[in-house]
>>> print(open('entry.txt').read())   # compact mmCIF, C-alpha atoms
# COMPACT_ATOMS: atom_id res chain seq x y z
CA MET A 1 -11.12 -14.77 39.22
CA ASP A 2 -13.72 -14.64 36.46
CA ALA A 3 -13.74 -14.78 32.66
CA ALA A 4 -14.34 -11.03 32.28
CA ASP A 5 -11.27 -10.17 34.34
CA LEU A 6 -9.15 -12.68 32.45
CA ASP A 7 -10.35 -11.21 29.17
CA ARG A 8 -9.35 -7.78 30.41
CA GLN A 9 -5.84 -9.00 31.20
CA VAL A 10 -5.36 -10.40 27.71
CA ARG A 11 -6.99 -7.48 25.92
CA THR A 12 -5.32 -4.59 27.74
CA LEU A 13 -2.19 -6.06 29.38
CA SER A 14 -2.98 -3.71 32.27
CA GLY A 15 -3.55 -4.43 35.94
CA CYS A 16 -1.54 -7.61 35.54
CA ILE A 17 1.97 -8.95 34.86
CA PRO A 18 2.29 -9.00 31.04
CA PRO A 19 4.02 -11.85 29.15
CA LEU A 20 7.30 -10.02 28.52
CA LEU A 21 7.76 -9.32 32.21
CA VAL A 22 6.79 -12.86 33.19
CA SER A 23 9.64 -14.00 30.96
CA ARG A 24 11.92 -11.39 32.53
CA LEU A 25 11.09 -12.65 36.03
CA LEU A 26 11.92 -16.22 35.05
CA GLU A 27 15.14 -15.25 33.27
CA LEU A 28 16.33 -13.48 36.41
CA GLY A 29 15.54 -16.44 38.68
CA HIS A 30 12.24 -15.29 40.19
CA GLY A 31 10.31 -18.48 39.50
CA GLU A 32 8.83 -18.54 43.01
CA GLU A 33 7.17 -15.19 42.38
CA VAL A 34 5.71 -16.43 39.09
CA GLU A 35 4.38 -19.55 40.82
CA PHE A 36 2.86 -17.47 43.62
CA GLN A 37 1.18 -15.05 41.23
CA ALA A 38 -0.12 -17.94 39.12
CA GLY A 39 -2.21 -18.92 42.13
CA ARG A 40 -3.54 -15.39 42.52
CA GLY A 41 -5.26 -14.95 39.17
CA GLU A 42 -2.32 -13.77 37.06
CA TRP A 43 -3.11 -15.53 33.79
CA PHE A 44 0.20 -14.99 32.03
CA CYS A 45 2.06 -16.32 35.07
CA ALA A 46 -0.22 -19.35 35.23
CA ARG A 47 0.17 -20.16 31.55
CA GLU A 48 3.96 -19.98 31.68
CA TRP A 49 4.26 -21.80 34.99
CA ALA A 50 2.07 -24.66 33.75
CA ARG A 51 4.24 -24.95 30.64
CA LEU A 52 7.40 -25.12 32.73
CA LEU A 53 5.92 -27.81 35.00
CA GLY A 54 4.95 -29.82 31.95
CA ASP A 55 8.46 -29.55 30.56
CA GLN A 56 9.70 -31.03 33.85
CA GLY A 57 7.35 -33.99 33.51
CA LEU A 58 4.99 -32.70 36.22
CA GLN A 59 1.90 -32.94 34.08
CA GLU A 60 -0.76 -33.24 36.74
CA GLN A 61 0.67 -30.32 38.70
CA ALA A 62 0.61 -28.28 35.49
CA LEU A 63 -3.07 -29.07 34.95
CA GLU A 64 -3.80 -28.11 38.55
CA VAL A 65 -2.30 -24.67 37.92
CA LEU A 66 -4.70 -24.12 35.01
CA ALA A 67 -7.75 -25.74 36.65
CA PRO A 68 -9.13 -22.59 38.36
CA TYR A 69 -8.88 -20.68 35.11
CA VAL A 70 -10.54 -23.43 33.09
CA ALA A 71 -13.31 -23.59 35.71
CA THR A 72 -14.40 -20.06 34.74
CA GLY A 73 -15.41 -21.36 31.31
CA TRP A 74 -12.89 -19.05 29.66
CA TRP A 75 -11.86 -20.39 26.25
CA PRO A 76 -8.17 -19.32 26.23
CA ALA A 77 -7.59 -21.32 29.42
CA ALA A 78 -9.25 -24.38 27.92
CA ARG A 79 -7.15 -23.96 24.81
CA ALA A 80 -3.94 -23.69 26.85
CA ARG A 81 -4.84 -26.91 28.67
CA ALA A 82 -5.57 -28.67 25.37
CA GLU A 83 -2.26 -27.52 23.89
CA LEU A 84 -0.41 -28.95 26.87
CA LEU A 85 -2.29 -32.26 26.63
CA GLU A 86 -1.57 -32.54 22.93
CA GLY A 87 2.09 -31.73 23.48
CA TRP A 88 2.28 -34.53 26.04
CA GLY A 89 0.83 -37.05 23.58
CA ARG A 90 -2.64 -36.99 25.15
CA ALA A 91 -4.47 -35.82 22.03
CA GLU A 92 -7.75 -37.63 22.68
CA GLU A 93 -8.03 -35.93 26.06
CA ALA A 94 -7.35 -32.59 24.37
CA ILE A 95 -10.12 -33.27 21.86
CA ALA A 96 -12.60 -34.31 24.54
CA SER A 97 -11.81 -31.28 26.68
CA THR A 98 -12.47 -28.76 23.89
CA ARG A 99 -15.39 -30.32 22.01
CA SER A 100 -18.06 -28.39 23.90
CA TYR A 101 -16.30 -25.07 23.29
CA ALA A 102 -16.31 -25.67 19.54
CA GLU A 103 -20.08 -25.43 19.49
CA ALA A 104 -19.74 -21.65 19.89
CA GLY A 105 -17.91 -21.44 16.55
CA GLY A 106 -15.24 -18.84 15.83
CA LEU A 107 -11.71 -19.30 17.15
CA ALA A 108 -12.70 -22.23 19.37
CA LEU A 109 -14.08 -24.14 16.38
CA GLU A 110 -11.02 -23.33 14.29
CA PHE A 111 -8.70 -24.67 16.99
CA PHE A 112 -10.83 -27.76 17.54
CA ALA A 113 -11.04 -28.58 13.84
CA ARG A 114 -7.29 -28.24 13.36
CA LEU A 115 -6.75 -30.41 16.43
CA LEU A 116 -9.05 -33.06 14.96
CA ALA A 117 -7.24 -32.96 11.62
CA ARG A 118 -3.81 -33.33 13.23
CA HIS A 119 -4.95 -36.55 14.87
CA GLY A 120 -6.72 -38.46 12.14
CA HIS A 121 -10.21 -36.98 12.29
CA ASP A 122 -9.98 -35.10 8.99
CA ASP A 123 -13.48 -35.85 7.77
CA GLU A 124 -15.14 -34.60 10.95
CA ALA A 125 -13.03 -31.45 10.78
CA VAL A 126 -14.06 -30.78 7.17
CA VAL A 127 -17.75 -31.27 7.97
CA LEU A 128 -17.60 -28.87 10.91
CA LEU A 129 -15.70 -26.19 9.01
CA SER A 130 -17.78 -26.49 5.83
CA ALA A 131 -20.85 -25.49 7.81
CA GLY A 132 -19.07 -22.30 8.88
CA ILE A 133 -17.34 -21.42 5.61
CA ASP A 134 -18.80 -17.90 5.61
CA ASP A 135 -16.47 -17.10 8.52
CA ARG A 136 -13.09 -16.11 7.04
CA ILE A 137 -11.09 -17.75 9.83
CA LEU A 138 -12.95 -21.03 9.40
CA ALA A 139 -12.66 -20.87 5.62
CA VAL A 140 -8.87 -20.54 5.86
CA ALA A 141 -8.73 -23.52 8.22
CA LEU A 142 -10.95 -25.53 5.89
CA VAL A 143 -8.62 -24.94 2.94
CA ASP A 144 -5.61 -25.92 5.06
CA ILE A 145 -7.26 -29.16 6.19
CA ALA A 146 -8.98 -30.19 2.94
CA GLU A 147 -5.83 -31.48 1.23
CA GLY A 148 -5.07 -34.04 3.92
CA ALA A 149 -8.69 -35.17 3.88
CA GLY A 150 -8.69 -35.57 0.10
CA ARG A 151 -11.53 -33.06 -0.16
CA ASP A 152 -9.95 -30.32 -2.25
CA GLU A 153 -12.58 -30.44 -5.00
CA ASP A 154 -15.48 -30.34 -2.52
CA VAL A 155 -14.01 -27.28 -0.85
CA ALA A 156 -13.25 -25.65 -4.21
CA ALA A 157 -16.93 -25.95 -5.12
CA LEU A 158 -17.98 -24.30 -1.86
CA LEU A 159 -15.57 -21.42 -2.47
CA ALA A 160 -16.54 -20.96 -6.13
CA ALA A 161 -20.16 -20.59 -5.06
CA ARG A 162 -19.14 -17.56 -3.01
CA ILE A 163 -17.51 -15.69 -5.89
CA PRO A 164 -20.17 -13.62 -7.70
CA ALA A 165 -19.83 -13.47 -11.47
CA ARG A 166 -19.80 -9.69 -11.74
CA HIS A 167 -20.04 -8.03 -8.34
CA ARG A 168 -16.97 -6.99 -6.36
CA CYS A 169 -17.20 -5.37 -2.94
CA ASP A 170 -16.10 -1.72 -2.93
CA ALA A 171 -16.28 -1.23 0.84
CA PRO A 172 -15.76 -3.29 4.00
CA TRP A 173 -18.73 -5.44 4.99
CA CYS A 174 -20.36 -4.86 1.60
CA CYS A 175 -21.36 -8.53 1.41
CA ARG A 176 -22.28 -10.73 4.31
CA GLY A 177 -20.14 -13.75 5.01
CA LEU A 178 -16.96 -14.61 3.15
CA ASP A 179 -15.96 -11.68 0.94
CA PRO A 180 -15.26 -12.42 -2.75
CA ASP A 181 -11.58 -11.47 -2.68
CA THR A 182 -10.88 -13.84 0.22
CA ALA A 183 -12.80 -16.62 -1.55
CA ILE A 184 -10.76 -15.99 -4.71
CA GLY A 185 -7.49 -16.19 -2.79
CA LEU A 186 -8.47 -19.40 -1.03
CA LEU A 187 -9.71 -21.03 -4.23
CA ALA A 188 -6.45 -20.04 -5.94
CA ALA A 189 -4.51 -21.74 -3.12
CA VAL A 190 -6.48 -24.95 -3.74
CA ARG A 191 -5.88 -24.76 -7.50
CA GLU A 192 -2.17 -24.19 -6.99
CA ARG A 193 -1.72 -27.33 -4.91
CA GLN A 194 -3.75 -29.23 -7.53
CA ASP A 195 -1.03 -28.06 -9.94
CA ARG A 196 -3.58 -25.96 -11.86
CA ILE A 197 -1.28 -22.96 -11.87
CA ASP A 198 -2.83 -21.15 -14.85
CA ASP A 199 -6.25 -21.34 -13.19
CA ALA A 200 -4.82 -19.95 -9.94
CA VAL A 201 -3.11 -17.08 -11.77
CA ALA A 202 -6.27 -16.22 -13.70
CA LEU A 203 -8.30 -16.18 -10.48
CA LEU A 204 -5.88 -13.89 -8.69
CA HIS A 205 -5.95 -11.40 -11.57
CA THR A 206 -9.67 -10.86 -10.82
CA ARG A 207 -9.16 -9.57 -7.25
CA ARG A 208 -10.01 -6.02 -6.28
CA VAL A 209 -7.80 -6.01 -3.16
CA THR A 210 -4.42 -7.40 -4.19
CA SER A 211 -2.32 -7.19 -1.02
CA LEU A 212 -2.76 -8.40 2.54
CA ASN A 213 -0.33 -7.61 5.36
CA GLY A 214 2.29 -6.37 2.93
CA ARG A 215 2.26 -9.47 0.73
CA ASP A 216 0.71 -10.12 -2.68
CA GLN A 217 -0.52 -13.69 -3.22
CA LEU A 218 -0.19 -13.51 -7.00
CA ALA A 219 3.38 -12.21 -6.80
CA ASP A 220 4.30 -14.97 -4.35
CA LEU A 221 2.71 -17.63 -6.59
CA LEU A 222 4.54 -16.42 -9.69
CA ALA A 223 7.83 -16.41 -7.75
CA ARG A 224 7.31 -19.94 -6.42
CA HIS A 225 6.77 -21.27 -9.94
CA ASP A 226 9.64 -19.36 -11.55
CA ARG A 227 7.34 -17.33 -13.78
CA ILE A 228 9.68 -14.37 -13.53
CA GLU A 229 8.69 -12.54 -16.70
CA GLU A 230 5.05 -12.63 -15.65
CA LEU A 231 6.08 -11.36 -12.23
CA ARG A 232 8.09 -8.58 -13.84
CA ALA A 233 5.10 -7.53 -15.95
CA TYR A 234 2.80 -7.63 -12.93
CA ALA A 235 5.25 -5.57 -10.85
CA ALA A 236 5.22 -2.85 -13.50
CA SER A 237 1.50 -2.23 -12.92
CA GLU A 238 0.87 -3.20 -9.27
CA TYR A 239 0.20 -0.10 -7.19
CA HIS A 240 1.37 -1.05 -3.70
CA GLY A 241 4.89 -2.07 -4.70
CA HIS A 242 4.60 -5.52 -3.14
CA ALA A 243 5.04 -7.31 -6.46
CA SER A 244 8.21 -5.30 -7.10
CA GLN A 245 9.41 -6.24 -3.63
CA ARG A 246 8.84 -9.94 -4.35
CA LEU A 247 10.63 -9.69 -7.69
CA ALA A 248 13.61 -8.00 -6.04
CA GLU A 249 13.65 -10.65 -3.31
CA VAL A 250 13.80 -13.43 -5.92
CA LEU A 251 16.61 -11.75 -7.80
CA GLU A 252 18.57 -11.14 -4.59
CA GLU A 253 18.11 -14.79 -3.55
CA ARG A 254 19.61 -15.79 -6.91
CA GLY A 255 22.62 -13.56 -6.39
CA ASP A 256 21.50 -10.90 -8.88
CA VAL A 257 21.87 -7.95 -6.53
CA GLU A 258 22.20 -5.42 -9.35
CA GLY A 259 18.99 -6.72 -10.88
CA ALA A 260 17.20 -6.31 -7.54
CA ILE A 261 18.54 -2.77 -7.24
CA THR A 262 17.21 -1.95 -10.72
CA VAL A 263 13.74 -3.15 -9.71
CA TYR A 264 13.66 -0.74 -6.79
CA ARG A 265 14.96 2.21 -8.80
CA GLN A 266 11.49 2.76 -10.19
CA PRO A 267 10.84 5.34 -12.89
CA GLY A 268 9.02 8.48 -11.86
CA ASP A 269 5.76 7.32 -13.46
CA SER A 270 5.65 4.03 -11.52
CA PRO A 271 2.24 3.48 -9.83
CA ALA A 272 3.87 2.36 -6.56
CA PRO A 273 4.61 4.91 -3.81
CA GLN A 274 8.19 6.14 -4.19
CA SER A 275 8.90 5.93 -0.45
CA HIS A 276 8.20 2.17 -0.46
CA GLY A 277 10.77 1.39 -3.13
CA ALA A 278 13.35 3.79 -1.73
CA VAL A 279 13.31 2.29 1.75
CA GLN A 280 13.37 -1.25 0.38
CA LEU A 281 16.30 -0.29 -1.84
CA ALA A 282 18.17 1.22 1.11
CA GLN A 283 17.67 -1.93 3.15
CA LEU A 284 18.94 -4.03 0.24
CA LEU A 285 22.04 -1.86 -0.16
CA ALA A 286 22.73 -1.97 3.57
CA ARG A 287 22.48 -5.78 3.61
CA HIS A 288 25.23 -5.90 1.00
CA GLY A 289 27.66 -3.58 2.74
CA ARG A 290 26.76 -0.47 0.77
CA GLY A 291 25.69 1.66 3.71
CA ASP A 292 26.75 5.00 2.23
CA GLU A 293 24.63 4.37 -0.85
CA ALA A 294 21.71 3.37 1.37
CA ILE A 295 21.99 6.66 3.24
CA GLU A 296 22.09 8.63 -0.01
CA VAL A 297 18.90 6.94 -1.25
CA VAL A 298 16.88 7.80 1.86
CA ARG A 299 18.46 11.24 2.23
CA ALA A 300 17.40 12.15 -1.32
CA LEU A 301 13.84 11.12 -0.47
CA VAL A 302 13.82 13.04 2.82
CA ASP A 303 15.21 16.15 1.12
CA SER A 304 12.60 16.05 -1.65
CA PRO A 305 9.48 18.26 -1.37
CA GLY A 306 7.19 16.78 1.27
CA GLY A 307 9.64 13.95 1.93
CA ALA A 308 10.60 14.80 5.52
CA GLU A 309 7.96 12.55 7.08
CA ASP A 310 8.77 11.50 10.62
CA TRP A 311 9.12 7.79 9.81
CA LEU A 312 11.44 8.50 6.86
CA VAL A 313 13.64 10.85 8.89
CA ASP A 314 13.74 8.20 11.61
CA THR A 315 14.80 5.60 9.02
CA LEU A 316 17.55 7.92 7.81
CA CYS A 317 18.81 8.55 11.35
CA THR A 318 18.89 4.81 12.00
CA LEU A 319 21.01 4.29 8.90
CA TYR A 320 23.40 7.05 9.97
CA ALA A 321 23.74 5.51 13.44
CA ASP A 322 24.11 1.92 12.19
CA HIS A 323 26.90 2.89 9.79
CA GLY A 324 29.03 4.94 12.16
CA ARG A 325 27.93 8.30 10.80
CA ALA A 326 25.95 9.63 13.74
CA ARG A 327 27.61 13.07 13.52
CA ASP A 328 26.55 13.39 9.88
CA GLY A 329 23.06 12.50 11.02
CA LEU A 330 23.11 15.27 13.61
CA ALA A 331 24.14 17.78 10.94
CA HIS A 332 21.34 16.64 8.68
CA LEU A 333 18.81 16.97 11.51
CA ASP A 334 19.99 20.54 12.09
CA ALA A 335 19.45 21.35 8.42
CA LEU A 336 15.98 19.79 8.40
CA ARG A 337 14.96 21.60 11.57
CA ALA A 338 16.07 24.93 10.11
CA ARG A 339 14.17 24.21 6.91
CA ARG A 340 11.00 23.47 8.86
CA ASP A 341 11.51 26.43 11.21
CA GLY A 342 11.37 24.24 14.30
CA GLU A 343 8.14 22.43 13.31
CA GLY A 344 7.93 18.98 14.89
CA GLU A 345 10.43 20.02 17.55
CA TRP A 346 10.06 16.98 19.80
CA ASP A 347 10.43 14.42 17.00
CA PHE A 348 13.68 15.96 15.83
CA PHE A 349 14.89 16.29 19.40
CA ARG A 350 14.19 12.59 20.12
CA MET A 351 16.16 11.57 17.04
CA ARG A 352 18.98 13.91 18.06
CA LEU A 353 19.29 12.20 21.44
CA ARG A 354 19.63 8.79 19.83
CA LEU A 355 22.31 10.03 17.45
CA MET A 356 24.19 11.66 20.33
CA ALA A 357 24.14 8.29 22.09
CA GLY A 358 25.60 6.79 18.92
CA CYS A 359 28.44 9.29 19.13
CA GLY A 360 29.24 8.19 22.68
CA LEU A 361 27.68 11.33 24.14
CA LEU A 362 25.17 9.66 26.46
CA ASP A 363 25.76 11.96 29.43
CA GLU A 364 25.46 15.02 27.24
CA ALA A 365 22.27 13.65 25.70
CA VAL A 366 20.75 13.09 29.14
CA GLU A 367 21.57 16.61 30.26
CA LEU A 368 20.22 18.09 27.04
CA ALA A 369 16.99 16.12 27.43
CA ARG A 370 16.57 17.27 31.02
CA ALA A 371 16.85 20.90 29.90
CA HIS A 372 14.22 20.54 27.17
CA PRO A 373 10.89 22.39 27.70
CA GLU A 374 9.00 19.08 27.40
CA SER A 375 11.24 17.19 29.82
CA ASP A 376 8.42 16.83 32.37
CA THR A 377 6.19 14.80 30.01
CA TRP A 378 5.82 11.01 30.10
CA TYR A 379 7.20 10.60 26.58
CA ALA A 380 10.30 12.61 27.43
CA ALA A 381 10.75 10.59 30.62
CA TRP A 382 10.64 7.43 28.50
CA VAL A 383 13.48 8.67 26.27
CA ILE A 384 15.58 9.95 29.17
CA SER A 385 15.14 6.68 31.08
CA ASP A 386 16.28 4.68 28.07
CA LEU A 387 19.40 6.82 27.78
CA LEU A 388 20.14 6.35 31.48
CA ALA A 389 19.51 2.62 31.38
CA GLU A 390 21.79 2.27 28.36
CA ALA A 391 24.49 3.99 30.38
CA GLY A 392 23.96 1.50 33.24
CA ARG A 393 22.25 4.10 35.43
CA THR A 394 19.04 2.16 36.03
CA GLU A 395 18.33 3.67 39.44
CA GLU A 396 18.32 7.11 37.85
CA ALA A 397 16.04 5.81 35.10
CA VAL A 398 13.58 4.69 37.79
CA THR A 399 13.71 8.10 39.44
CA VAL A 400 12.91 9.82 36.15
CA LEU A 401 9.93 7.52 35.49
CA ARG A 402 8.40 7.61 38.98
CA PRO A 403 6.34 10.80 38.46
CA HIS A 404 4.81 9.22 35.33
CA ALA A 405 4.24 5.72 36.75
CA SER A 406 0.61 5.46 35.63
CA ALA A 407 1.56 6.23 32.01
CA VAL A 408 4.72 4.08 31.73
CA ARG A 409 3.88 1.30 34.16
CA GLY A 410 5.38 -1.57 32.16
CA LEU A 411 8.58 0.31 31.40
CA LEU A 412 9.10 1.28 35.05
CA ALA A 413 8.29 -2.24 36.26
CA GLY A 414 10.88 -3.67 33.87
CA HIS A 415 13.57 -1.48 35.39
CA LEU A 416 12.49 -2.44 38.91
CA ILE A 417 12.71 -6.13 38.04
CA ASP A 418 16.18 -5.60 36.61
CA LEU A 419 17.14 -4.03 39.94
CA GLY A 420 15.75 -7.00 41.88
CA ARG A 421 12.85 -4.98 43.32
CA VAL A 422 10.29 -7.57 42.31
CA GLU A 423 7.68 -6.82 44.96
CA ASP A 424 7.62 -3.13 43.97
CA ALA A 425 7.31 -4.07 40.30
CA VAL A 426 4.43 -6.48 40.87
CA THR A 427 2.56 -4.00 43.08
CA LEU A 428 2.90 -1.36 40.40
CA LEU A 429 1.73 -3.67 37.60
CA GLN A 430 -1.34 -4.84 39.50
CA GLN A 431 -2.66 -1.35 40.08
CA ARG A 432 -5.89 -0.63 38.26
CA GLY A 433 -6.90 2.64 36.69
CA PRO A 434 -6.45 4.75 33.55
CA GLN A 435 -3.06 4.66 31.91
CA GLN A 436 -1.43 5.44 28.61
CA ALA A 437 -1.22 2.52 26.20
CA VAL A 438 2.57 2.31 26.41
CA PRO A 439 4.18 -1.12 25.81
CA VAL A 440 6.88 -2.74 27.91
CA ARG A 441 10.33 -1.45 27.02
CA THR A 442 12.20 -3.54 24.45
CA GLY A 443 15.27 -1.32 24.33
CA ALA A 444 13.94 0.96 21.60
CA PHE A 445 13.03 4.61 21.79
CA PRO A 446 9.31 5.45 21.41
CA THR A 447 8.53 6.14 17.77
CA GLU A 448 5.08 7.68 18.09
CA PRO A 449 4.99 11.48 18.31
CA PRO A 450 3.55 12.91 21.49
CA SER A 451 -0.08 13.99 21.48
>>> encode(input="entry.txt", output="structure tokens")
Amino acid sequence: MDAADLDRQVRTLSGCIPPLLVSRLLELGHGEEVEFQAGRGEWFCAREWARLLGDQGLQEQALEVLAPYVATGWWPAARARAELLEGWGRAEEAIASTRSYAEAGGLALEFFARLLARHGHDDEAVVLLSAGIDDRILAVALVDIAEGAGRDEDVAALLAARIPARHRCDAPWCCRGLDPDTAIGLLAAVRERQDRIDDAVALLHTRRVTSLNGRDQLADLLARHDRIEELRAYAASEYHGHASQRLAEVLEERGDVEGAITVYRQPGDSPAPQSHGAVQLAQLLARHGRGDEAIEVVRALVDSPGGAEDWLVDTLCTLYADHGRARDGLAHLDALRARRDGEGEWDFFRMRLRLMAGCGLLDEAVELARAHPESDTWYAAWVISDLLAEAGRTEEAVTVLRPHASAVRGLLAGHLIDLGRVEDAVTLLQQRGPQQAVPVRTGAFPTEPPS
């Protein structure tokens, strides 16, 4: 084994046994196979097997499993070893074993600094991270660690120095190092825990980019400190709809479901995308036993001009199926398909199959799928195999997938493992070569349209 091959395993999850299937093997009692493959360069097997040995008190045996991987100089293996050592109460060994890796900076330094801070070496961690503050990952770690080290004000000064008085980036990588919006958000986090809430709010109002990963830091801060009227005012002007979502969440948590519903029923001139609020509203209604209303909300959006986007139609079909109205969903799909004159045929067909399954018509759905003009494609095979597997006909699912093995390797291997054909599954997974980027089956239909 070598570091490049191990990197490939982690990056592509191809030519190896991926984590989900390692877990499947163990759940079905195939621990011996996982142990064997751990000794043959299968990183995900080795990582899980070492963890299991450690849980059994076999610490040295666990370290021996990881030793060949660590010997390659590959950082993730060294990190896994350090995490085991720390979990066993051997923190100083974990620190010693990762110190040299931290010199490269990046993720290794972040891990090392957090490890130091967890075990009483806060000052050293702050010094190391302060030198790398222009790296966003290290800056986040520095802010997290500074409080315990009593260095909040020192870190605040470093962050403030990276917020230009007038300039704001208008494109990615505009400025080198830590971008101003990230520096603002981190400084606001420091000010909040110093109980300087007004300062934190004022800072966050100066950001250009307001949301990250579907959350708005200012909205979350206002909610935490019960500044609901300010949150309401902010939600009225925030474009992405994330502030409205946070306001509705707060109201729902307080038992004011009608108030939350009102927030999502945005006026037509709201700056937030209408689809965002409509779907959030539908989910809220469904959580409170108002499934029919939820369906009406999404159906109105889908039926509006330009509203029949694939993801919205899929959301509507899911609501129909979840609330025992699969036949109504089928009728709506027919109407949409007629309106679009057959455009997007496969997407509508895939949704139809799922709704038929919801009506208890699995056999009919399978036969219909097999008769479809695109039934010989890998994406159709995926859907048909899921229908068969749901009906307990796993052998037939395997037969359907076989001609497309290179494109749906993980899915096929999962079925083989379920059937106890572990050797066949492992052989398939370890094959190298081009393949479609199709994840291991989780029980869901594929949601991406075919290319």
>>> residues_around(input="entry.txt", residues="A:Gln431", least_positions_apart="3", cutoff="7 Å", atoms="all atoms listed in the file", output="ChimeraX atom specification")
/A:15,427-428
>>> residues_around(input="entry.txt", residues="A:Arg193", least_positions_apart="5", cutoff="12 Å", atoms="all atoms listed in the file", output="ChimeraX atom specification")
/A:143-144,146-148,150,152-153,156,186-188,198-200,221,224-225
>>> atom_distance(input="entry.txt", atom1="atom CA of A:Ala38", atom2="atom CA of A:Ala67")
11.2 Å
>>> residues_around(input="entry.txt", residues="A:Ser14", least_positions_apart="3", cutoff="9 Å", atoms="all atoms listed in the file", output="PDB file with C-alpha atoms, in the frame of the given file")
ATOM      1  CA  ARG A   8      -9.350  -7.780  30.410  1.00  0.00           C
ATOM      2  CA  GLN A   9      -5.840  -9.000  31.200  1.00  0.00           C
ATOM      3  CA  VAL A  10      -5.360 -10.400  27.710  1.00  0.00           C
ATOM      4  CA  ARG A  11      -6.990  -7.480  25.920  1.00  0.00           C
ATOM      5  CA  ILE A  17       1.970  -8.950  34.860  1.00  0.00           C
ATOM      6  CA  PRO A  18       2.290  -9.000  31.040  1.00  0.00           C
ATOM      7  CA  ARG A 409       3.880   1.300  34.160  1.00  0.00           C
ATOM      8  CA  GLY A 410       5.380  -1.570  32.160  1.00  0.00           C
ATOM      9  CA  LEU A 429       1.730  -3.670  37.600  1.00  0.00           C
ATOM     10  CA  GLN A 430      -1.340  -4.840  39.500  1.00  0.00           C
ATOM     11  CA  GLN A 431      -2.660  -1.350  40.080  1.00  0.00           C
ATOM     12  CA  ARG A 432      -5.890  -0.630  38.260  1.00  0.00           C
ATOM     13  CA  GLY A 433      -6.900   2.640  36.690  1.00  0.00           C
ATOM     14  CA  GLN A 435      -3.060   4.660  31.910  1.00  0.00           C
ATOM     15  CA  ALA A 437      -1.220   2.520  26.200  1.00  0.00           C
TER      16      ALA A 437
END
>>> residues_near_point(input="entry.txt", point="(-18.4, -24.7, 1.1)", cutoff="10 Å", atoms="only C-alpha atoms", output="number ranges by chain")
A: 126-127, 129-134, 139, 142-143, 154-162
>>> write_last_selection(input="entry.txt", atoms="C-alpha atoms", output="compact mmCIF listing (two decimals), keeping the file's coordinate frame")
# COMPACT_ATOMS: atom_id res chain seq x y z
CA VAL A 126 -14.06 -30.78 7.17
CA VAL A 127 -17.75 -31.27 7.97
CA LEU A 129 -15.70 -26.19 9.01
CA SER A 130 -17.78 -26.49 5.83
CA ALA A 131 -20.85 -25.49 7.81
CA GLY A 132 -19.07 -22.30 8.88
CA ILE A 133 -17.34 -21.42 5.61
CA ASP A 134 -18.80 -17.90 5.61
CA ALA A 139 -12.66 -20.87 5.62
CA LEU A 142 -10.95 -25.53 5.89
CA VAL A 143 -8.62 -24.94 2.94
CA ASP A 154 -15.48 -30.34 -2.52
CA VAL A 155 -14.01 -27.28 -0.85
CA ALA A 156 -13.25 -25.65 -4.21
CA ALA A 157 -16.93 -25.95 -5.12
CA LEU A 158 -17.98 -24.30 -1.86
CA LEU A 159 -15.57 -21.42 -2.47
CA ALA A 160 -16.54 -20.96 -6.13
CA ALA A 161 -20.16 -20.59 -5.06
CA ARG A 162 -19.14 -17.56 -3.01
>>> residues_around(input="entry.txt", residues="A:Leu387", least_positions_apart="3", cutoff="10 Å", atoms="all atoms listed in the file", output="PyMOL selection string")
chain A and resi 353-354+357+362-363+365-366+369+381-384+390-394+397+443+445
>>> write_last_selection(input="entry.txt", atoms="C-alpha atoms", output="PDB file, in the coordinates of the input")
ATOM      1  CA  LEU A 353      19.290  12.200  21.440  1.00  0.00           C
ATOM      2  CA  ARG A 354      19.630   8.790  19.830  1.00  0.00           C
ATOM      3  CA  ALA A 357      24.140   8.290  22.090  1.00  0.00           C
ATOM      4  CA  LEU A 362      25.170   9.660  26.460  1.00  0.00           C
ATOM      5  CA  ASP A 363      25.760  11.960  29.430  1.00  0.00           C
ATOM      6  CA  ALA A 365      22.270  13.650  25.700  1.00  0.00           C
ATOM      7  CA  VAL A 366      20.750  13.090  29.140  1.00  0.00           C
ATOM      8  CA  ALA A 369      16.990  16.120  27.430  1.00  0.00           C
ATOM      9  CA  ALA A 381      10.750  10.590  30.620  1.00  0.00           C
ATOM     10  CA  TRP A 382      10.640   7.430  28.500  1.00  0.00           C
ATOM     11  CA  VAL A 383      13.480   8.670  26.270  1.00  0.00           C
ATOM     12  CA  ILE A 384      15.580   9.950  29.170  1.00  0.00           C
ATOM     13  CA  GLU A 390      21.790   2.270  28.360  1.00  0.00           C
ATOM     14  CA  ALA A 391      24.490   3.990  30.380  1.00  0.00           C
ATOM     15  CA  GLY A 392      23.960   1.500  33.240  1.00  0.00           C
ATOM     16  CA  ARG A 393      22.250   4.100  35.430  1.00  0.00           C
ATOM     17  CA  THR A 394      19.040   2.160  36.030  1.00  0.00           C
ATOM     18  CA  ALA A 397      16.040   5.810  35.100  1.00  0.00           C
ATOM     19  CA  GLY A 443      15.270  -1.320  24.330  1.00  0.00           C
ATOM     20  CA  PHE A 445      13.030   4.610  21.790  1.00  0.00           C
TER      21      PHE A 445
END
>>> residues_around(input="entry.txt", residues="A:Cys45", least_positions_apart="6", cutoff="8 Å", atoms="only C-alpha atoms", output="list in words")
Ile17, Pro19, Val22, Val34, Glu35, Gln37 and Ala38 of chain A
>>> closest_residue(input="entry.txt", among="A:Arg350, A:Arg246, A:Arg81, A:Arg421", to="A:Ala62", atoms="all atoms listed in the file")
A:Arg81
>>> atom_distance(input="entry.txt", atom1="atom CA of A:Gly31", atom2="atom CA of A:Ala50")
11.8 Å
